[in-house]
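Q: Take this structure, written in structure tokens, and hold onto it; I'll ask about it next.
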Amino acid sequence: MKIKSMTATFGRLEKVRLEPGPGLTLIHAPNEGGKSTWAAFWRAMLYGIDTRERDKKGYLADKNRYQPWSGAPMEGEITLEYGKRDITIRRGPRGSTPFGSFSAVYTKTQQPVPGLTASNCGELLTGVGQEVFTRSAFLGAGNLTVTTAPELERRIAALVSSGEEDVSYSQAMARLKDWKNRRQVNKSVGEIPRLERELDQAREALDRLEEAAAQIAGLEGERAQLTRERNSLTRQAEAHRLLAQKKLSGRYAQAEEEYQSARRQLDALEEEQAVRPLPDREALKQAQGDLQYLKALDEEIKQGETALTEAEEASAKAKAAARDDLFSELSGDEAVTKAGIDAAACQSAAQTAGKVRRGIWIFLLLALGGGIGWAARLLLRNEAAPLGPILGMLAGVAVVTLAAGFLYLARRRRAQDILTQYGVQTPEELIALAQNYKDRCQAADKAAHEAEVIRNAVAERKTKRDTAKSNLLDFVHQFSPEVKDLFGCSAALSRALNLEHDLAIARERAEERRRRLEDLAAQGAVREELPAVEPPIPELSPEETDRALVQTADRLEQVSAQLNQARGSLQAMGDPAALAARLERLEDSLARRRLELDALTMAMETLTQANARLQERFSPELNRLAGVYMARLTGDKYSAVSLTRELEGFVREGESVLPRSALCLSRGTADQLYLAVRLAVCRLCLPEKPPILLDDALASFDDARLEAALELLWELSGEQQMLLFTCQKREGEVLGGAPGVTRITL
């Protein structure tokens with residue numbers, strides 16, 4: 001089988017076409033160039049896509065990973081050369097299922113290929129299932145390690161056996177383990193533990209059978225005793241009920257009497273309200289406020305009259321204090337004015353007297369000076385003083401001096417008389433005396449004014465009181481004409497207001513008594529008297545009786561349930577003979593299963609020993625061919641290869657005796673080992689020789705071993721088509737001159 005062309009709408013590929021050559025095709029593309037996508041597309045076209053696979057952490061299922069980036073449906077087409085004829089395989093969407101539709105036709109005639117379906121396409125074309133194909137001819141994502149699978153194990157084992165591929169060691173061992181696990185997995189799982197549990201249960205059932213019989217006898221006696229106690233407590237509860245009923249009926253009679261009394265009181269109040277219609281409650285409250293206002297006015301009038309008396313007394317005292325003989329019949333201002341005039345006159349007279357006195361002294365000094373001067377002049381002239389002029393001059397001086405003296409004394413006496421009239425010593429004292437009189441007059445006037453203000457206020461409040469009282473009496477007379485004073489008004493208003501309140505209380509009381517009567521009736525109270533016969537008084541109180549009855553009933557119910565359960569258990573246990581027969585059958589089955597378990601254990605040990613011996617000669621042909629390829633790839637450094645059944649590889653270097661595990665090799669050498677194994681598997685185990693696809697499989701090879709690997713692949717491509725994807729240029733440089741190599745750049 002060879003690929004002629006592939007057209008894909010898959011992942012990043014959008015209707016891209018790839019046409020590999022018949023031999024070795026070198027496909028070069030950079031990272032993210034679509035190499036791994038083409039590899040996945042080739043496998044998906046052969047074996048389809050598992051739609052049951054789900055995304056995991058760090059991993060996307062193929063159905064999601066390779067959804068076309070453009071949003072177009074996932075679809076593809078491959079043209080193959082198979083059986084000397086070209087066939088075309090197409091896959092596309094079916095509803096929401098990717099690659100759900102399938103068709104396989106002959107390319108030239110477009111006739112369907114018989115027997116080729118979506119489910120068997122890969123296995124029919126490659127000759128192997130997907131597990132073997134993935135572990136041999138599909139070297140994707142740079143992972144060359146080979147892992148085992150039952151189908152691959154059978155094919156490899158067939159190389160050294162009769163050719164039958166129906167069974168493998170792992171399948172046989174798995175079947176033996178399954179049979180063994182059915183018998184016994186551990187102490188709690190399997191048929192043997194189940195039989196052991198059933199056997200224990202049957203033995204326990206026999207023990208429980210005897211215990212149940214004894215338990216039933218005890219429970220029946222306890223139930224009879226509890227039944228007697230319950231009946232006794234029931235009779236006591238009935239006695240308590242009769243006593244309570246009698247007490248309840250007495251309370252009902254009392255409540256009925258209270259209700260009738262409340263009803264009569266309510267009817268009387270309603271009748272009173274109907275006889276004397278009252279003003280509305282707001283008007284009554286307003287009238288009551290007016291009454292309080294009148295009381296406040298009376299109090300204010302009383303306080304005002306007291307204050308008026310005090311003010312009048314203060315005014316009289318102030319007027320008496322202001323009364324003065326010096327300024328009688330004068331007002332304060334007039335007294336101050338008069339005192340000012342008299343003080344000014346006094347000051348003027350005193351000033352004139354002072355001036356006259358100073359003038360006398362000046363005149364005498366001048367006369368003396370003139371006389372002395374005249375005498376001096378006479379002395380200087382030695383003349384005698386004439387007596388007549390001297391006497392005349394002296395007489396003139398004396399007359400002038402006397403006249404001035406009389407004037408001085410008159411002015412001084414005038415000033416003194418003014419001050420003496422007022423009994424003061426200075427004009428300032430006279431002014432102060434008048435000012436004091438003015439202040440006393442003002443105080444008297446103020447006291448008189450205050451008394452007048454209080455008198456007017458008292459008169460005003462009396463007027464208001466009389467008016468308000470008259471209005472209040474008129475209002476109250478509307479519903480209480482017998483009222484004559486404020487006390488009567490207060491009583492009438494309180495009565496009117498309380499009538500509404502009393503009505504409300506009476507209605508509420510009557511309603512409460514009615515509800516109480518209904519509650520008692522609901523509790524079972526009756527009007528007629530109960531029979532006079534008193535029931536016997538129980539030993540326990542009602543609460544104790546109820547509590548004891550509940551406890552006894554609960555215990556009786558529990559005992560009855562336990563008795564029924566015990567009887568049911570006894571009945572479910574069945575006949576002891578049948579139970580003994582079942583024990584015998586269980587013991588036989590358990591012994592048989594234990595023998596089978598021993599046989600299976602021995603078979604597994606034998607198979608393990610046989611497999612250990614077979615490991616030494618597992619698939620010599622595969623080891624031989626893988627060794628040949630390994631020698632080619634490593635330049636004959638490693639000439640021998642051996643594989644375990646788990647396909648773990650070992651190599652031997654030169655003449656060395658001990659093999660070296662692949663885990664001890666470098667990554668490049670390990671990749672070369674598993675490339676050799678895969679090529680050998682493809683050569684020996686793939687009958688249809690499908691194309692071998694390598695996706696960056698040689699990336700870890702050094703230059704020398706890369707050249708050896710490419711030479712080997714080029715040789716093998718003569719028999720089997722090779723598709724080598726790479727992101728490096730080394731492969732192209734090595735294969736530069738090799739004939740028959742197809743080069744494609746993506």
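Ligands are numbered from 1 in the order shown, chains are lettered A, B, ... in the order of the structure tokens, and residues start at 1 in each chain.
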Taking the backbone alone, and naming residues the way the document does, which bits of region 380-563 of chain A are helix (DSSP H, G or I) by DSSP, as a short mmCIF file (atom, residue, chain, number, x, y, z; two decimals) with N, CA and C atoms, in the first residue's frame?

A:
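Output below, filename selection_35.cif:
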```cif
data_model
loop_
_atom_site.label_atom_id
_atom_site.label_comp_id
_atom_site.auth_asym_id
_atom_site.auth_seq_id
_atom_site.Cartn_x
_atom_site.Cartn_y
_atom_site.Cartn_z
N LEU A 380 12.12 164.89 100.69
CA LEU A 380 13.20 165.23 99.79
C LEU A 380 13.27 166.74 99.58
N ARG A 381 12.13 167.34 99.65
CA ARG A 381 12.12 168.79 99.46
C ARG A 381 12.28 169.55 100.80
N LEU A 387 -1.57 169.76 106.84
CA LEU A 387 -2.50 168.92 107.59
C LEU A 387 -3.83 168.78 106.88
N GLY A 388 -4.31 169.81 106.26
CA GLY A 388 -5.62 169.73 105.62
C GLY A 388 -5.68 168.69 104.53
N PRO A 389 -4.81 168.70 103.60
CA PRO A 389 -4.86 167.68 102.55
C PRO A 389 -4.72 166.30 103.13
N ILE A 390 -3.87 166.21 104.17
CA ILE A 390 -3.67 164.83 104.72
C ILE A 390 -4.97 164.36 105.33
N LEU A 391 -5.63 165.22 106.09
CA LEU A 391 -6.88 164.81 106.70
C LEU A 391 -7.93 164.52 105.65
N GLY A 392 -7.97 165.40 104.68
CA GLY A 392 -8.96 165.15 103.62
C GLY A 392 -8.71 163.82 102.91
N MET A 393 -7.48 163.57 102.67
CA MET A 393 -7.15 162.29 101.98
C MET A 393 -7.52 161.14 102.87
N LEU A 394 -7.20 161.22 104.14
CA LEU A 394 -7.52 160.12 105.04
C LEU A 394 -9.02 159.92 105.13
N ALA A 395 -9.77 161.05 105.21
CA ALA A 395 -11.22 160.91 105.27
C ALA A 395 -11.76 160.23 104.01
N GLY A 396 -11.24 160.60 102.88
CA GLY A 396 -11.71 159.97 101.62
C GLY A 396 -11.40 158.49 101.60
N VAL A 397 -10.21 158.16 102.05
CA VAL A 397 -9.86 156.71 102.07
C VAL A 397 -10.78 155.96 102.99
N ALA A 398 -11.08 156.60 104.18
CA ALA A 398 -11.94 155.91 105.14
C ALA A 398 -13.34 155.73 104.59
N VAL A 399 -13.87 156.78 103.91
CA VAL A 399 -15.23 156.66 103.36
C VAL A 399 -15.29 155.56 102.32
N VAL A 400 -14.31 155.56 101.45
CA VAL A 400 -14.32 154.53 100.39
C VAL A 400 -14.21 153.15 100.99
N THR A 401 -13.35 153.06 102.00
CA THR A 401 -13.14 151.72 102.60
C THR A 401 -14.41 151.24 103.30
N LEU A 402 -15.09 152.17 104.01
CA LEU A 402 -16.31 151.78 104.71
C LEU A 402 -17.40 151.36 103.71
N ALA A 403 -17.53 152.16 102.66
CA ALA A 403 -18.56 151.79 101.66
C ALA A 403 -18.29 150.43 101.07
N ALA A 404 -17.04 150.18 100.73
CA ALA A 404 -16.69 148.86 100.16
C ALA A 404 -16.93 147.75 101.19
N GLY A 405 -16.65 148.06 102.44
CA GLY A 405 -16.85 147.03 103.47
C GLY A 405 -18.32 146.70 103.63
N PHE A 406 -19.18 147.79 103.67
CA PHE A 406 -20.61 147.49 103.75
C PHE A 406 -21.08 146.64 102.57
N LEU A 407 -20.59 146.92 101.39
CA LEU A 407 -21.00 146.13 100.20
C LEU A 407 -20.56 144.68 100.33
N TYR A 408 -19.37 144.47 100.80
CA TYR A 408 -18.83 143.10 100.96
C TYR A 408 -19.67 142.33 101.94
N LEU A 409 -20.00 142.99 103.08
CA LEU A 409 -20.79 142.30 104.10
C LEU A 409 -22.19 141.98 103.59
N ALA A 410 -22.77 142.89 102.80
CA ALA A 410 -24.12 142.63 102.28
C ALA A 410 -24.12 141.42 101.32
N ARG A 411 -23.13 141.36 100.43
CA ARG A 411 -23.07 140.22 99.48
C ARG A 411 -22.81 138.90 100.21
N ARG A 412 -21.96 139.00 101.18
CA ARG A 412 -21.62 137.76 101.90
C ARG A 412 -22.83 137.26 102.67
N ARG A 413 -23.57 138.23 103.27
CA ARG A 413 -24.76 137.82 104.02
C ARG A 413 -25.80 137.23 103.07
N ARG A 414 -25.92 137.78 101.86
CA ARG A 414 -26.89 137.25 100.89
C ARG A 414 -26.60 135.79 100.56
N ALA A 415 -25.34 135.48 100.30
CA ALA A 415 -24.95 134.09 99.97
C ALA A 415 -25.20 133.17 101.15
N GLN A 416 -24.89 133.71 102.37
CA GLN A 416 -25.06 132.88 103.56
C GLN A 416 -26.53 132.60 103.81
N ASP A 417 -27.39 133.60 103.57
CA ASP A 417 -28.83 133.41 103.78
C ASP A 417 -29.39 132.33 102.85
N ILE A 418 -28.94 132.31 101.60
CA ILE A 418 -29.44 131.28 100.65
C ILE A 418 -29.06 129.89 101.12
N LEU A 419 -27.82 129.70 101.55
CA LEU A 419 -27.37 128.37 102.00
C LEU A 419 -28.07 127.97 103.29
N THR A 420 -28.27 128.99 104.18
CA THR A 420 -28.93 128.70 105.44
C THR A 420 -30.37 128.28 105.20
N GLN A 421 -31.02 128.82 104.20
CA GLN A 421 -32.41 128.48 103.88
C GLN A 421 -32.55 126.99 103.59
N TYR A 422 -31.54 126.41 102.93
CA TYR A 422 -31.60 124.98 102.57
C TYR A 422 -30.85 124.10 103.55
N PRO A 427 -22.95 125.63 97.60
CA PRO A 427 -23.90 125.48 96.48
C PRO A 427 -23.93 124.06 95.94
N GLU A 428 -22.80 123.35 95.99
CA GLU A 428 -22.78 121.97 95.48
C GLU A 428 -23.69 121.09 96.31
N GLU A 429 -23.66 121.31 97.61
CA GLU A 429 -24.55 120.53 98.47
C GLU A 429 -26.00 120.85 98.16
N LEU A 430 -26.27 122.12 97.81
CA LEU A 430 -27.62 122.51 97.45
C LEU A 430 -28.07 121.77 96.19
N ILE A 431 -27.18 121.70 95.20
CA ILE A 431 -27.51 120.98 93.94
C ILE A 431 -27.73 119.50 94.24
N ALA A 432 -26.88 118.89 95.06
CA ALA A 432 -27.02 117.47 95.40
C ALA A 432 -28.31 117.22 96.14
N LEU A 433 -28.71 118.19 97.03
CA LEU A 433 -29.95 118.03 97.77
C LEU A 433 -31.15 118.02 96.83
N ALA A 434 -31.12 118.91 95.85
CA ALA A 434 -32.21 118.96 94.87
C ALA A 434 -32.24 117.69 94.00
N GLN A 435 -31.06 117.20 93.63
CA GLN A 435 -30.99 115.98 92.81
C GLN A 435 -31.53 114.78 93.58
N ASN A 436 -31.24 114.73 94.88
CA ASN A 436 -31.76 113.64 95.72
C ASN A 436 -33.27 113.69 95.78
N TYR A 437 -33.82 114.92 95.88
CA TYR A 437 -35.27 115.08 95.90
C TYR A 437 -35.86 114.61 94.57
N LYS A 438 -35.16 114.89 93.48
CA LYS A 438 -35.64 114.47 92.15
C LYS A 438 -35.66 112.94 92.05
N ASP A 439 -34.60 112.31 92.56
CA ASP A 439 -34.53 110.84 92.51
C ASP A 439 -35.66 110.22 93.32
N ARG A 440 -35.97 110.82 94.50
CA ARG A 440 -37.05 110.27 95.32
C ARG A 440 -38.40 110.47 94.64
N CYS A 441 -38.51 111.56 93.96
CA CYS A 441 -39.76 111.78 93.20
C CYS A 441 -39.91 110.76 92.07
N GLN A 442 -38.81 110.49 91.36
CA GLN A 442 -38.86 109.51 90.27
C GLN A 442 -39.18 108.11 90.79
N ALA A 443 -38.59 107.75 91.95
CA ALA A 443 -38.89 106.44 92.54
C ALA A 443 -40.35 106.33 92.90
N ALA A 444 -40.90 107.43 93.44
CA ALA A 444 -42.32 107.41 93.81
C ALA A 444 -43.18 107.29 92.56
N ASP A 445 -42.80 108.01 91.50
CA ASP A 445 -43.56 107.91 90.23
C ASP A 445 -43.49 106.49 89.67
N LYS A 446 -42.31 105.88 89.74
CA LYS A 446 -42.15 104.52 89.20
C LYS A 446 -42.99 103.54 89.99
N ALA A 447 -42.98 103.64 91.31
CA ALA A 447 -43.79 102.74 92.13
C ALA A 447 -45.26 102.93 91.83
N ALA A 448 -45.67 104.15 91.61
CA ALA A 448 -47.07 104.41 91.29
C ALA A 448 -47.43 103.81 89.94
N HIS A 449 -46.50 103.90 88.95
CA HIS A 449 -46.75 103.34 87.61
C HIS A 449 -46.86 101.82 87.68
N GLU A 450 -45.94 101.20 88.42
CA GLU A 450 -46.00 99.74 88.54
C GLU A 450 -47.30 99.30 89.19
N ALA A 451 -47.73 100.02 90.18
CA ALA A 451 -49.00 99.68 90.82
C ALA A 451 -50.15 99.81 89.83
N GLU A 452 -50.10 100.81 88.96
CA GLU A 452 -51.14 101.01 87.97
C GLU A 452 -51.15 99.88 86.93
N VAL A 453 -49.92 99.46 86.53
CA VAL A 453 -49.82 98.36 85.55
C VAL A 453 -50.42 97.10 86.13
N ILE A 454 -50.06 96.80 87.38
CA ILE A 454 -50.59 95.58 88.01
C ILE A 454 -52.10 95.68 88.15
N ARG A 455 -52.59 96.87 88.52
CA ARG A 455 -54.02 97.08 88.70
C ARG A 455 -54.74 96.81 87.37
N ASN A 456 -54.20 97.33 86.28
CA ASN A 456 -54.82 97.11 84.96
C ASN A 456 -54.80 95.63 84.57
N ALA A 457 -53.64 94.94 84.84
CA ALA A 457 -53.53 93.52 84.49
C ALA A 457 -54.54 92.70 85.27
N VAL A 458 -54.70 93.01 86.57
CA VAL A 458 -55.66 92.28 87.38
C VAL A 458 -57.08 92.50 86.85
N ALA A 459 -57.37 93.76 86.50
CA ALA A 459 -58.70 94.06 85.97
C ALA A 459 -58.94 93.31 84.65
N GLU A 460 -57.91 93.24 83.81
CA GLU A 460 -58.05 92.54 82.51
C GLU A 460 -58.32 91.05 82.74
N ARG A 461 -57.56 90.40 83.67
CA ARG A 461 -57.76 88.98 83.92
C ARG A 461 -59.13 88.71 84.54
N LYS A 462 -59.60 89.64 85.37
CA LYS A 462 -60.94 89.46 85.93
C LYS A 462 -61.97 89.50 84.83
N THR A 463 -61.76 90.39 83.87
CA THR A 463 -62.69 90.47 82.74
C THR A 463 -62.67 89.15 81.95
N LYS A 464 -61.47 88.66 81.66
CA LYS A 464 -61.34 87.40 80.92
C LYS A 464 -61.98 86.26 81.71
N ARG A 465 -61.74 86.24 83.02
CA ARG A 465 -62.30 85.17 83.84
C ARG A 465 -63.82 85.19 83.79
N ASP A 466 -64.37 86.37 83.92
CA ASP A 466 -65.83 86.46 83.91
C ASP A 466 -66.39 86.00 82.57
N THR A 467 -65.72 86.42 81.47
CA THR A 467 -66.19 86.02 80.13
C THR A 467 -66.08 84.50 79.94
N ALA A 468 -64.89 83.95 80.28
CA ALA A 468 -64.66 82.52 80.10
C ALA A 468 -65.61 81.71 80.98
N LYS A 469 -65.82 82.17 82.19
CA LYS A 469 -66.72 81.46 83.10
C LYS A 469 -68.13 81.43 82.53
N SER A 470 -68.56 82.58 82.01
CA SER A 470 -69.90 82.65 81.45
C SER A 470 -70.04 81.71 80.25
N ASN A 471 -69.00 81.70 79.37
CA ASN A 471 -69.03 80.82 78.20
C ASN A 471 -69.02 79.35 78.62
N LEU A 472 -68.20 79.02 79.62
CA LEU A 472 -68.11 77.65 80.08
C LEU A 472 -69.44 77.18 80.67
N LEU A 473 -70.04 78.04 81.48
CA LEU A 473 -71.34 77.67 82.05
C LEU A 473 -72.38 77.47 80.96
N ASP A 474 -72.36 78.34 79.94
CA ASP A 474 -73.31 78.18 78.83
C ASP A 474 -73.09 76.83 78.13
N PHE A 475 -71.80 76.45 77.95
CA PHE A 475 -71.49 75.18 77.27
C PHE A 475 -71.94 74.00 78.12
N VAL A 476 -71.63 74.03 79.40
CA VAL A 476 -71.96 72.91 80.27
C VAL A 476 -73.47 72.78 80.45
N LEU A 486 -68.02 76.64 89.08
CA LEU A 486 -66.92 75.96 88.37
C LEU A 486 -66.73 74.54 88.88
N PHE A 487 -66.94 74.30 90.13
CA PHE A 487 -66.82 72.94 90.65
C PHE A 487 -67.81 72.01 89.96
N GLY A 488 -69.03 72.53 89.80
CA GLY A 488 -70.03 71.74 89.08
C GLY A 488 -69.63 71.52 87.63
N CYS A 489 -69.03 72.56 87.00
CA CYS A 489 -68.55 72.40 85.61
C CYS A 489 -67.50 71.30 85.53
N SER A 490 -66.56 71.30 86.48
CA SER A 490 -65.50 70.29 86.47
C SER A 490 -66.10 68.89 86.58
N ALA A 491 -67.05 68.75 87.52
CA ALA A 491 -67.67 67.44 87.69
C ALA A 491 -68.44 67.02 86.44
N ALA A 492 -69.17 67.97 85.84
CA ALA A 492 -69.96 67.64 84.65
C ALA A 492 -69.06 67.25 83.48
N LEU A 493 -67.97 68.01 83.28
CA LEU A 493 -67.04 67.69 82.18
C LEU A 493 -66.38 66.34 82.41
N SER A 494 -65.94 66.10 83.64
CA SER A 494 -65.30 64.82 83.92
C SER A 494 -66.28 63.68 83.68
N ARG A 495 -67.52 63.89 84.11
CA ARG A 495 -68.53 62.87 83.90
C ARG A 495 -68.77 62.62 82.42
N ALA A 496 -68.85 63.70 81.63
CA ALA A 496 -69.09 63.57 80.19
C ALA A 496 -67.93 62.85 79.51
N LEU A 497 -66.69 63.27 79.88
CA LEU A 497 -65.53 62.61 79.28
C LEU A 497 -65.42 61.17 79.75
N ASN A 498 -65.65 60.94 81.01
CA ASN A 498 -65.53 59.59 81.54
C ASN A 498 -66.63 58.68 81.01
N LEU A 499 -67.74 59.28 80.60
CA LEU A 499 -68.81 58.46 80.05
C LEU A 499 -68.33 57.74 78.80
N GLU A 500 -67.62 58.46 77.91
CA GLU A 500 -67.06 57.83 76.71
C GLU A 500 -66.02 56.78 77.10
N HIS A 501 -65.18 57.17 78.08
CA HIS A 501 -64.15 56.23 78.53
C HIS A 501 -64.78 55.01 79.19
N ASP A 502 -65.78 55.29 80.03
CA ASP A 502 -66.45 54.18 80.70
C ASP A 502 -67.17 53.28 79.69
N LEU A 503 -67.72 53.92 78.64
CA LEU A 503 -68.36 53.12 77.60
C LEU A 503 -67.34 52.22 76.91
N ALA A 504 -66.18 52.80 76.59
CA ALA A 504 -65.14 52.00 75.93
C ALA A 504 -64.69 50.86 76.82
N ILE A 505 -64.47 51.19 78.11
CA ILE A 505 -64.05 50.14 79.04
C ILE A 505 -65.15 49.09 79.19
N ALA A 506 -66.41 49.57 79.28
CA ALA A 506 -67.51 48.63 79.44
C ALA A 506 -67.63 47.72 78.21
N ARG A 507 -67.48 48.30 77.01
CA ARG A 507 -67.53 47.49 75.80
C ARG A 507 -66.39 46.46 75.79
N GLU A 508 -65.16 46.94 76.14
CA GLU A 508 -64.00 46.04 76.15
C GLU A 508 -64.20 44.94 77.19
N ARG A 509 -64.74 45.32 78.37
CA ARG A 509 -64.97 44.32 79.41
C ARG A 509 -66.03 43.30 78.96
N ALA A 510 -67.11 43.81 78.35
CA ALA A 510 -68.15 42.90 77.89
C ALA A 510 -67.62 41.96 76.81
N GLU A 511 -66.77 42.50 75.89
CA GLU A 511 -66.20 41.67 74.83
C GLU A 511 -65.25 40.62 75.41
N GLU A 512 -64.44 41.05 76.39
CA GLU A 512 -63.51 40.11 77.02
C GLU A 512 -64.27 39.00 77.73
N ARG A 513 -65.36 39.35 78.42
CA ARG A 513 -66.16 38.33 79.10
C ARG A 513 -66.81 37.39 78.08
N ARG A 514 -67.24 37.96 76.95
CA ARG A 514 -67.86 37.11 75.92
C ARG A 514 -66.83 36.12 75.35
N ARG A 515 -65.60 36.62 75.04
CA ARG A 515 -64.56 35.72 74.51
C ARG A 515 -64.19 34.65 75.52
N ARG A 516 -64.12 35.06 76.79
CA ARG A 516 -63.81 34.08 77.83
C ARG A 516 -64.88 33.00 77.88
N LEU A 517 -66.14 33.41 77.73
CA LEU A 517 -67.24 32.45 77.75
C LEU A 517 -67.13 31.48 76.56
N GLU A 518 -66.79 32.04 75.38
CA GLU A 518 -66.65 31.19 74.19
C GLU A 518 -65.45 30.25 74.33
N ASP A 519 -64.33 30.76 74.92
CA ASP A 519 -63.17 29.89 75.13
C ASP A 519 -63.52 28.72 76.04
N LEU A 520 -64.23 29.01 77.11
CA LEU A 520 -64.62 27.93 78.02
C LEU A 520 -65.55 26.94 77.33
N ALA A 521 -66.47 27.46 76.50
CA ALA A 521 -67.36 26.57 75.76
C ALA A 521 -66.57 25.70 74.79
N ALA A 522 -65.55 26.31 74.15
CA ALA A 522 -64.71 25.54 73.22
C ALA A 522 -63.93 24.47 73.95
N PRO A 542 -52.97 15.15 87.78
CA PRO A 542 -53.25 15.01 86.33
C PRO A 542 -51.97 14.98 85.50
N GLU A 543 -51.01 15.85 85.83
CA GLU A 543 -49.77 15.87 85.06
C GLU A 543 -49.01 14.56 85.21
N GLU A 544 -48.93 14.08 86.45
CA GLU A 544 -48.23 12.82 86.69
C GLU A 544 -48.95 11.67 86.00
N THR A 545 -50.29 11.68 86.03
CA THR A 545 -51.05 10.62 85.36
C THR A 545 -50.80 10.64 83.86
N ASP A 546 -50.87 11.83 83.25
CA ASP A 546 -50.64 11.93 81.80
C ASP A 546 -49.23 11.49 81.45
N ARG A 547 -48.25 11.95 82.25
CA ARG A 547 -46.87 11.59 81.97
C ARG A 547 -46.67 10.08 82.09
N ALA A 548 -47.22 9.50 83.16
CA ALA A 548 -47.07 8.06 83.35
C ALA A 548 -47.79 7.28 82.24
N LEU A 549 -48.97 7.79 81.82
CA LEU A 549 -49.72 7.11 80.75
C LEU A 549 -48.96 7.15 79.44
N VAL A 550 -48.36 8.32 79.14
CA VAL A 550 -47.57 8.44 77.89
C VAL A 550 -46.37 7.50 77.94
N GLN A 551 -45.67 7.50 79.08
CA GLN A 551 -44.51 6.64 79.20
C GLN A 551 -44.90 5.17 79.09
N THR A 552 -46.01 4.80 79.74
CA THR A 552 -46.46 3.41 79.68
C THR A 552 -46.87 3.03 78.26
N ALA A 553 -47.61 3.95 77.60
CA ALA A 553 -48.03 3.67 76.22
C ALA A 553 -46.82 3.55 75.30
N ASP A 554 -45.84 4.46 75.47
CA ASP A 554 -44.63 4.38 74.64
C ASP A 554 -43.90 3.07 74.87
N ARG A 555 -43.75 2.72 76.15
CA ARG A 555 -43.05 1.47 76.46
C ARG A 555 -43.82 0.27 75.92
N LEU A 556 -45.16 0.30 76.04
CA LEU A 556 -45.98 -0.79 75.51
C LEU A 556 -45.83 -0.90 74.00
N GLU A 557 -45.79 0.27 73.34
CA GLU A 557 -45.61 0.26 71.88
C GLU A 557 -44.24 -0.31 71.52
N GLN A 558 -43.20 0.10 72.29
CA GLN A 558 -41.86 -0.42 72.01
C GLN A 558 -41.82 -1.94 72.22
N VAL A 559 -42.40 -2.37 73.35
CA VAL A 559 -42.39 -3.82 73.63
C VAL A 559 -43.16 -4.58 72.55
N SER A 560 -44.32 -4.04 72.12
CA SER A 560 -45.09 -4.69 71.06
C SER A 560 -44.29 -4.76 69.77
N ALA A 561 -43.60 -3.63 69.45
CA ALA A 561 -42.78 -3.63 68.23
C ALA A 561 -41.65 -4.64 68.35
N GLN A 562 -41.00 -4.68 69.52
CA GLN A 562 -39.92 -5.65 69.71
C GLN A 562 -40.45 -7.08 69.62
N LEU A 563 -41.65 -7.29 70.19
CA LEU A 563 -42.24 -8.63 70.14
C LEU A 563 -42.55 -9.02 68.69
#
```

Q: Could you list, as a JSON list (two decimals) with C-alpha atoms, in the first residue's frame, every residue within 8 Å of Leu176 (chain A), counting only C-alpha atoms and ignoring same-chain residues fewer than 3 positions away?

A:
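Output file selection-v2.json is given in full below:
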```json
[["chain", "number", "residue", "atom", "x", "y", "z"],
["A", 172, "ALA", "CA", -3.67, -16.09, 29.67],
["A", 173, "MET", "CA", -2.33, -14.64, 32.91],
["A", 179, "TRP", "CA", -10.79, -16.55, 37.61],
["A", 180, "LYS", "CA", -8.78, -16.36, 40.83],
["A", 600, "LEU", "CA", -5.60, -21.54, 39.94],
["A", 603, "ALA", "CA", -1.56, -22.72, 37.35],
["A", 604, "MET", "CA", -0.48, -19.10, 37.63]]
```

Q: Apply DSSP to the structure's backbone, then extract all residues of region 87-294 of chain A labelled strand (DSSP E) and return them as a PyMOL selection string.

A: chain A and resi 87-94+97-106+138-139

Q: Nearest to Thr669 (chain A): which of A:Ser70, A:Arg241, A:Thr145, A:Gln571 is it, counting only C-alpha atoms?

A: A:Thr145

Q: When distances are computed from only C-alpha atoms, which of A:Ala268, A:Gln721, A:Thr7, A:Pro20 shows the smallest separation from Arg743 (chain A)?

A: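 For Arg743 (chain A), the nearest of the candidates is A:Pro20.
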
Q: Please measure the separation of CA of Glu605 (chain A) and CA of Lys177 (chain A), giving the value in Å to one decimal.

A: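 For CA of Glu605 (chain A) relative to CA of Lys177 (chain A), the distance reads 11.1 Å.
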
Q: Tell me, in Å to one decimal, how far CA of Asp485 (chain A) is from CA of Leu284 (chain A).

A: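 Distance reported for this atom pair: 16.9 Å.
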
Q: Have a look at CA of Glu587 (chain A) and CA of Ala572 (chain A) and let me know their distance in Å, one decimal.

A: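 Going from CA of Glu587 (chain A) over to CA of Ala572 (chain A) covers 21.6 Å.
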
Q: So, with only C-alpha atoms as the atoms that count, which of A:Ile27, A:Glu220, A:Leu13, A:Gln478 lies closest to Val741 (chain A)?

A: A:Ile27

Q: Return the single residue from A:Ser232, A:Gln303, A:Ser348, A:Gln728 that is closest to Leu540 (chain A), with distances computed using only C-alpha atoms.

A: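 Closest residue, counting only C-alpha atoms: A:Ser232.
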
Q: Using only C-alpha atoms for the distances, tell me which of A:Tyr638, A:Leu583, A:Phe10, A:Asp333 is nearest to Leu665 (chain A).

A: A:Tyr638

Q: So which residues touch region 57-69 of chain A within 10 Å, counting only C-alpha atoms, skipping near sequence neighbours fewer than 6 positions away, as a list of chain:residue names?

A: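 Selected residues are A:Ala8, A:Thr9, A:Phe10, A:Gly11, A:Arg12, A:Leu13, A:Glu14, A:Thr37, A:Ala40, A:Phe41, A:Ala44, A:Ile49, A:Asp50, A:Thr51, A:Glu75, A:Thr97, A:Pro98, A:Phe99.
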